[in-house]
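Heads up: the structure comes next, in structure tokens.
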Amino acid sequence: MIINGPNLNLLGKREPEVYGNTTFNEYLEQLKNKYPSVYIDYYQSNIEGELISKIQEVGFSYDGIILNAAAYTHTSVGIGDAVKAIATPVIEVHISNTFSRETFRHQSFISANAKGIIIGFGLKSYELALQSFL
């Protein structure tokens, strides 16, 4: 399961110098085509509570969660607690190198409870996370 947080629905339009020109749906199709034997589910929301509900919903039945909580990474104790509460391993992913950005982006409420973290490899970060589960 890939779970994306706020503003990631704007990939391909939003700050292309940081995030590129590919929409997430375009990238997801490429990923599914590259790994046809892997079932990849996808969810995106701009709403914190909906992200928490989805983490709880799939957090005991899926083999892995690739989570890009976007800006909520740095602000949401609730998402961090949801990751801690579930049994499914979570890989925290960020498209940009958050440590090369504003100081407030250097903190994550998810990292301490994630199986691993992949930061700064663009959309390829999702594939690296997927490979870690395979």
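Chain lettering (A, B, ...) mirrors the order of the structure tokens, residue numbering begins at 1 for each chain separately, and ligand numbering begins at 1 in order of display.
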
Using only C-alpha atoms, determine which residues lie at most 10 Å from segment 30-47 of chain A, disregarding the query and same-chain residues fewer than 2 positions distant; provide the list as a ChimeraX atom specification. /A:1-9,24-28,49-52,54-55,62,64-72,124,126-127,130-131,134

Just asking: which residues within segment 1-64 of chain A are strand (DSSP E) according to DSSP, as a PyMOL selection string? chain A and resi 2-4+42-44

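With distances restricted to only C-alpha atoms, A:Gly122 is the closest residue to Ser96 of chain A from A:Gly122, A:Glu17, A:Asn113, A:Val83.
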
*Exercise: Ile91 of chain A partners within 7 Å, only C-alpha atoms, chain neighbours under 2 positions left out, as a list in words*: Ile65, Ile66, Leu67, Pro89, Val93, Ala114, Lys115, Gly116, Ile117 and Ala129 of chain A

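Our summary of the geometry notes that atom CA of Ser61 of chain A is positioned 7.1 Å from atom CA of Thr88 of chain A.
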